[in-house]
Structures are given as C-alpha cells and as structure tokens.
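Visitor: Here it is, the structure, as structure tokens.
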Protein chains: 2
Amino acid sequence: MSILHQIIEPTLLLDEAKCKSNILKMVEKAARNGVRLRPHFKTHQSHAVGQWFRAAGVRAITTSSLRMACYFAADGWDDITVAFPVNTLEQERLNRLAKKIKLNVLVEDAGTVARLNDVLQHPVGVFIKVDLGSHRTGVSAADTNTIDGIIAAMEQADKITFKGFLAHAGHSYHARSHAAIQQVHEAGNQMMQTLHDRYIGRYPQLEIATGDTPTASICEGFGPTTEIRPGNYVFYDVTQAVITSCTYDEIAVALACPVVAKHKDRLEIVLYGGGIHFSKDVLEMPDGTRNYGAWVPGQGNHWGAPVPGCYMSKLSQEHGILKVTAEWFDTIHVGDILLILPVHSCMTADLMGSFTTLDGNRLLMMDKHEEYFLD
Amino acid sequence: MSILHQIIEPTLLLDEAKCKSNILKMVEKAARNGVRLRPHFKTHQSHAVGQWFRAAGVRAITTSSLRMACYFAADGWDDITVAFPVNTLEQERLNRLAKKIKLNVLVEDAGTVARLNDVLQHPVGVFIKVDLGSHRTGVSAADTNTIDGIIAAMEQADKITFKGFLAHAGHSYHARSHAAIQQVHEAGNQMMQTLHDRYIGRYPQLEIATGDTPTASICEGFGPTTEIRPGNYVFYDVTQAVITSCTYDEIAVALACPVVAKHKDRLEIVLYGGGIHFSKDVLEMPDGTRNYGAWVPGQGNHWGAPVPGCYMSKLSQEHGILKVTAEWFDTIHVGDILLILPVHSCMTADLMGSFTTLDGNRLLMMDKHEEYFLD
C-alpha cells in the first residue's frame with residue numbers, strides 16, 4: 001500500500017470505496033422497506049463523510065449530543081434528532097439549533113418536558129425514549145402510565161410537539177448470529193407495534209424510530225417503524241463482524257501503527273498505537289481471547305482479511321501489543337506499519353479526530369473544543 | 001460548589017491545591033532520597049500544570065511521544081526523555097528536538113540503534129529499556145548478551161551516547177497493598193543493582209531510571225536509582241487508591257457530569273458522561289464490581305469521599321450509568337451535576353483535552369492535531 005510509506009505515527013485509514021458502499025447499501029435497504037433513513041453521525045463526526053451521505057440522498061440525521069448537532073447544522077444539515085436524553089442545561093445550544101433547523105430531542109420523564117419547555121424560545125419535536133430491553137435509558141414499552149403522563153405534559157407545553165417513540169435495541173450487540181439479531185428485531189417490532197396501535201388514533205403522524213446497526217444491517221421488514229437510525233455501519237468494526245452484522249471485508253477503517261519493538265520469546269509485536277488511539281474498548285472473541293483489534297496485512301492498495309491467531313492483546317496509553325503466530329513473527333520488522341481493524345470504530349474515530357483516505361486525503365472530524373455556529 | 005453552577009456538559013475539574021500538594025510531596029521525596037525527579041508529563045499534557053512543576057524546582061521531564069516532547073519543549077523544557085521505544089519514522093521531530101534540547105530516547109535492540117543513528121543529525125542520549133517483570137517492552141535484566149550487543153552498537157554510533165538503563169515496573173499496578181508494592185520495588189532495585197554493578201566501571205556516569213507511581217509514592221530507598229519518573233501521581237485516580245498508592249483524598253481530578261435520567265427500579269442514574277469522556281478503562285474493585293468511576297458528593301468548594309455502594313457500572317459513547325443505593329437515589333435529580341473520580345486519570349485527561357480549576361480557570365492541554373515548534 002503506497003499510503004503506508006507516508007505514515008510515521010498512528011493514523012486512521014479510511015477506505016472510501018467500502019465506506020460509500022456501506023452508505024449506499026443502507027440507503028437502498030431503507031428505500032426497499034419504505035422507512036426513512038436517519039443515520040447516526042456519531043460514528044464518523046465528519047463533514048466530509050456526511051457529504052457522502054448527502055450525495056446518496058440522505059436528508060435527516062441523528063447525533064449523540066447538541067454540540068455535535070451544531071457541528072452538522074453548520075454544514076447545512078437542517079433536520080437533526082439528538083438521540084440522547086435531552087440535557088436542558090445546554091439551553092443556549094438548544095435554542096441556537098431550534099431557531100434554525102428542525103430539531104428533535106428525547107425525553108423519558110414528565111419533569112424534563114416541563115423544564116425543556118421553560119428553557120425553549122423556539123419549537124422542537126420530542127420523542128419519548130422507549131426501552132426495548134437494553135435497560136440503558138428509556139421508559140419500558142409496557143409502562144403506558146408513565147408514557148401517558150409524559151404525553152400529557154407535552155400537551156401542556158407550547159414549544160413542544162410530540163413526535164412519537166424512539167428506541168435503540170442495544171442488546172442486539174449481545175447477538176452472535178443472524179438468528180439472534182432477528183429475534184431482537186422481531187421482539188422490538190412487536191413492542192413498538194403495541195405502542196403504535198395504542199397511540200396512532202390520537203396521533204396520526206406518529207413516528208416510530210428504531211434501528212441499531214445489527215438489526216438494520218441484517219433484517220428486512222421493519223413493522224411499524226417509520227425511521228431507522230443506524231450509525232456504526234458507515235465503517236463497521238470487529239465487534240460488528242463478531243455479531244455477524246457485517247463481513248470483515250466491509251470494515252472501512254483500519255488504524256495504521258508503526259512497529260517499535262519485537263519480543264520473540266512471547267511472540268509479541270509492540271506497536272505505537274495504544275488506548276489513546278484505539279480506546280480501551282475490548283471484545284471477548286468466540287475463542288475466549290480478549291481482543292483490542294485484528295491485524296490485516298496490506299494487499300495491493302487495500303487490506304486483506306484478518307490473520308487467524310494474530311490479535312491486539314493489550315493496550316496501555318501509547319503501546320499496543322499484537323500477539324502473532326510463530327510463522328508470521330519473522331515477517332514483521334521494527335519500522336513496518338501494521339494495519340489493525342478496531343474493535344469499536346466509533347470510539348477509535350472519536351479519539352483519532354481525523355481520517356486519511358487510501359489516496360492520502362485527510363478528512364477532519366468535529367473539534368471537541370470548538371463551538372459551532374449556524375452562519 | 002459554586003463552580004458546579006457554571007457547568008452544562010462533561011467537564012474535568014482540577015483541584016489545584018491537591019495537585020500542587022501531590023507535586024510537592026514527590027519533589028520532597030526525591031530530594032530526601034537523593035534521586036533526580038523527572039516526572040512523566042503524559043498524565044496532564046498541559047503547559048499550565050507543567051509550570052507548577054517548574055515552580056517546585058523540577059527541570060527535567062518525561063513524555064510518552066516525540067509529539068508531546070515537542071509540545072513541552074515549545075514551553076521551554078529543555079531536558080526530556082521520551083519513555084517509549086524510539087520510533088525512528090519520526091525523523092523530523094527527533095531532529096527538531098535534538099537540535100535544541102537535551103533529548104533522551106529508549107531502545108531495546110541493536111538494529112534500532114543503527115537506524116536511529118542513520119536518521120539523526122544531532123546527538124541524543126539513549127537508554128536501554130529493561131524489563132523488570134511487567135513484560136510489556138524492554139530487554140530482560142538478565143539478558144546481558146543482548147544488552148552488550150546494544151551497547152556495542154551504540155559505541156559504533158557517532159550521534160548516540162549510552163546513558164544507562166530505564167525501567168517501568170508496570171506490574172506494581174497489580175499490587176493491592178503497601179507490602180505488595182514494596183515487594184515489586186525491592187525486586188526491581190535488585191535487578192537494577194546487578195546491572196549497575198556490571199556496567200558502572202565502564203560507564204561511571206551510568207543512569208538508572210525507574211519509578212512508577214505506586215513505588216514512587218509508597219517506598220523510600222531507591223537503591224542504585226539515579227532518577228525516578230512517576231507521572232500519574234500529579235492527579236492520582238481510583239486505580240491508585242485501590243493499589244494503595246494514595247488516599248481518595250489525594251485524587252485531584254473529578255469529571256463533572258449532568259444527570260439526564262433516573263431509573264428507580266434498577267437504582268440507576270444516567271449521566272451525560274461516557275466512554276468518550278472517561279475512557280473505557282475499567283477497574284475490578286475489591287468487592288468484585290467492575291467500576292468506571294467513583295461518585296464523590298460536592299462539599300463546600302471541594303468534593304468529599306466516595307459514597308460506598310455507588311459507582312459507575314457501565315459506559316457507552318456518551319452515557320454513563322451510576323449505580324446508587326436506595327437512600328441516595330431520591331437525593332439526586334435530573335439537571336444536577338455529579339462529580340465522578342476517574343478510574344484512570346491519564347486516559348480521562350487525554351480525552352477531555354482541558355481542565356477547569358475549582359476557581360473556574362480553564363487550562364488547555366496539548367492539541368493532538370497541532371505540530372509544535374521550538375521557534
């Protein structure tokens with residue numbers, strides 16, 4: 001890979017062709033299933049990658065923070081759902097966005113509805129976050145008492161329009177087969193159908209928003225869903241390959257890391273590439289190893305399949321330890337650049353802050369310390 | 001805490017008084033034990049905090065990358081050891097530094113010595129990295145054949161001066177008592193003593209550089225050591241408290257996080273503060289829980305001790321889940337700001353990119369995307 005000759009330190013490579021193919025496949029799936037695609041942009045956090053979505057016809061997006069919504073609004077995105085329990089302390093950003101774009105936020109209790117309405121100067125759409133079984137956030141889909149209370153609070157709130165129900169089936173990440181993903185998908189659809197049937201009479205415009213990467217990648221038929229919101233699929237990663245959401249060949253990012261030392265006695269390669277580059281996210285593999293990344297040798301101007309028995313076994317702040325097999329050990333030299341598929345591409349991208357395409361173009365991401373204004 | 005009223009999103013608070021006290025205690029310990037203190041600056045990565053060290057008399061420092069060495073050299077630090085196996089691909093940064101400051105780097109094989117000498121235009125000092133039992137990097141202290149080969153290569157290299165032996169007893173992080181830390185310390189000193197005795201005749205200026213935070217915090221008497229290099233102690237964290245390197249009261253940083261939701265059925269508080277703020281570093285606690293941080297209530301203009309039974313149990317990209325006891329649950333409200341002591345302050349600081357003192361001053365850290373020049 002010619003790009004490797006220019007690399008001197010940990011660098012996040014982006015295979016633009018794979019990424020655009022991932023983007024296009026999901027656009028086609030949404031169209032085929034009659035649902036709106038509102039991709040989650042927290043994975044790439046990049047104006048440049050966002051524009052590839054726009055070129056594929058995407059018009060509505062999801063972000064994980066109001067700050068990130070400002071960043072994308074500054075690039076012309078005008079229909080954004082912030083898929084995080086709304087933080088009303090960020091009053092200024094809420095109003096900056098609500099004044100200029102179609103902004104949707106999430107609530108899961110009636111008290112927050114009142115506080116939100118108090119700080120708003122402009123109208124926003126509000127989804128009720130529903131818990132389909134991942135038990136991170138949201139109201140249980142069966143708890144219609146609480147849901148009715150939240151809706152009642154919205155009816156009292158002059159700046160708030162009730163949009164519908166939003167869920168993230170995060171427990172699909174425990175799946176390790178298409179059948180298991182399908183099961184999470186169907187159970188979620190059933191719960192959403194019950195809510196749909198209960199509220200559609202009163203709210204004919206009711207939105208049902210779902211769609212994590214595993215179910216959105218694998219399943220067809222979205223039941224009552226009007227909108228899907230996958231994000232990670234833009235890059236995928238080793239976790240998604242293990243879940244069976246993607247093949248290894250669809251993973252569009254790899255961290256290029258210099259080799260700085262070798263230890264033959266323990267068959268370990270020391271890479272310049274650690275927790276501040278990969279993140280400390282770890283994946284338990286089917287073979288029981290704890291994995292921080294998979295090694296893929298360069299192949300022409302791309303990378304190949306992961307090498308069996310070779311994996312990132314340990315990370316500290318700047319060091320990464322790659323366990324290799326005896327046959328591969330001697331083929332690797334200090335000063336080489338190795339390519340590692342990340343366990344969790346969202347976290348790795350967030351840490352790296354930019355991408356380098358295989359043509360050598362550097363694509364910047366959101367600067368976490370900058371405040372973004374909408375012209 | 002009055003500072004909490006100004007916080008609207010995850011913010012890394014720094015208790016300046018605790019931090020300066022940590023800095024001073026280590027300066028005094030080094031003086032008392034007749035060793036040079038060369039603190040590792042990877043924990044704070046901040047010119048402002050660096051200046052507190054300078055005010056305490058520190059003149060030599062350690063960094064974990066050449067990039068970070070450039071950042072501190074740009075603020076006037078002129079004696080820097082980069083405690084990472086030297087990455088000769090960063091030829092330009094090596095020479096930029098070596099031209100202006102006293103630069104030391106690490107090697108652990110003879111081939112790298114030759115490659116390093118080839119790319120250098122200016123002289124550098126070189127340490128041999130020794131493995132005292134953590135098995136991350138370095139030559140085994142007993143492997144004098146390899147060591148002799150590396151030294152012979154240095155004798156052939158016109159830009160390189162052999163400085164001595166450097167080690168990081170990273171396995172002290174497995175200790176959970178002063179006695180266990182002391183054991184790591186004494187075993188390391190013995191191995192270093194053997195090396196010292198073997199080479200001091202030929203190299204009367206031989207440096208012996210050791211000093212991780214646990215042993216440097218707890219032990220007295222550094223044997224053959226001429227220089228200690230702890231870093232984390234500037235802030236400490238929950239991991240160091242569990243190792244018994246520090247008390248909870250000495251921890252100088254806390255991540256302030258807004259409460260965005262509550263779940264009474266599972267006694268969970270949802271915080272705006274996740275893996276992109278804390279890092280995904282996790283600590284197994286003595287009680288068997290997996291912990292991503294400890295909750296400390298605000299107390300006057302400081303924070304108090306961790307609340308037993310309350311801890312960060314899960315992190316995703318932006319969400320953090322705080323498990324609390326029933327008696328505390330009702331005292332916490334959506335919109336509150338909670339303070340969480342990080343499990344690993346180096347990683348949390350690296351992610352947050354700035355500190356806010358309890359007086360409300362914002363201290364910037366190194367910008368990972370900027371290239372720093374030494375005018």
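Within each chain, counting starts at residue 1; across the structure tokens, chains are named A, B, ... in the order shown, with ligands numbered 1 upward in that order.
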What are the nearest atom pairs, with distances in Å to one decimal, for all residues of chain A that come at most 6 Å from chain B, using only C-alpha atoms, set out by chain and rising residue number as a tab-separated table?
Guide:
residue	atom	partner	partner_atom	distance
A:Ile8	CA	B:Leu89	CA	5.1
A:Pro85	CA	B:Val260	CA	5.8
A:Asn87	CA	B:Val260	CA	5.9
A:Leu89	CA	B:Ile8	CA	5.1
A:Glu90	CA	B:Ile8	CA	5.8
A:Val260	CA	B:Pro85	CA	5.8
A:Lys280	CA	B:Lys280	CA	5.1
A:Asp281	CA	B:Lys280	CA	5.7
Visitor: Among region 113-326 of chain B, which ones does DSSP place in helix (DSSP H, G or I), written as a VMD selection string?
Guide: chain B and resid 113 to 119 144 to 155 170 to 174 178 to 199 213 to 218 232 to 234 238 to 243 248 to 250 264 to 266 275 to 278 326
Visitor: If you count only C-alpha atoms, which residues fall within 8 Å of Lys99 (chain B), apart from same-chain ones fewer than 5 positions away, as a list in words?
Guide: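 Contacts, with the query itself left out: Gln121, His122 and Pro123 of chain B.
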Visitor: Residues at most 8 Å from Val253 (chain B), counting only C-alpha atoms, excluding those fewer than 3 positions away in the same chain, as a list in words?
Guide: Leu12, Leu13, Leu14, Asp15, Phe235, Tyr236, Asp237, Leu341, Pro342 and Ser345 of chain B
Visitor: Quick check, in Å to one decimal: how far apart do CA of Met68 (chain B) and CA of Arg96 (chain B) lie?
Guide: 12.7 Å
Visitor: Identify, on the basis of only C-alpha atoms, every residue whose closest approach to Leu267 (chain B) does not exceed 8 Å; exclude the query and any residue fewer than 3 positions from it along the same chain; express the result as a tab-separated table (two decimals) with N, CA and C atoms, in the first residue's frame.
Guide:
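This went into around31.tsv:
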chain	number	residue	atom	x	y	z
B	262	LYS	N	-33.18	9.08	35.39
B	262	LYS	CA	-33.11	8.25	36.60
B	262	LYS	C	-33.98	7.01	36.38
B	263	HIS	N	-33.55	5.87	36.94
B	263	HIS	CA	-34.34	4.65	36.83
B	263	HIS	C	-34.42	3.98	38.20
B	264	LYS	N	-35.55	4.26	38.88
B	264	LYS	CA	-35.70	3.81	40.27
B	264	LYS	C	-35.72	2.29	40.38
B	323	LYS	N	-24.64	3.43	39.45
B	323	LYS	CA	-25.44	2.62	40.38
B	323	LYS	C	-25.43	3.32	41.73
B	324	VAL	N	-26.58	3.50	42.33
B	324	VAL	CA	-26.62	4.14	43.65
B	324	VAL	C	-27.43	3.29	44.62
B	325	THR	N	-27.28	3.58	45.89
B	325	THR	CA	-28.07	2.87	46.90
B	325	THR	C	-29.42	3.56	47.03
B	326	ALA	N	-30.39	2.85	47.57
B	326	ALA	CA	-31.77	3.36	47.67
B	326	ALA	C	-31.81	4.67	48.44
B	329	PHE	N	-30.73	7.52	46.14
B	329	PHE	CA	-31.43	7.70	44.86
B	329	PHE	C	-32.29	8.96	44.83
Visitor: For region 45-53 of chain A, work out the shell of residues within 6 Å, counting only C-alpha atoms and skipping chain neighbours fewer than 5 positions away, then give it as a list in words.
Guide: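 Near neighbours after the sequence-gap exclusion: Val58, Met365 and Met366 of chain A.
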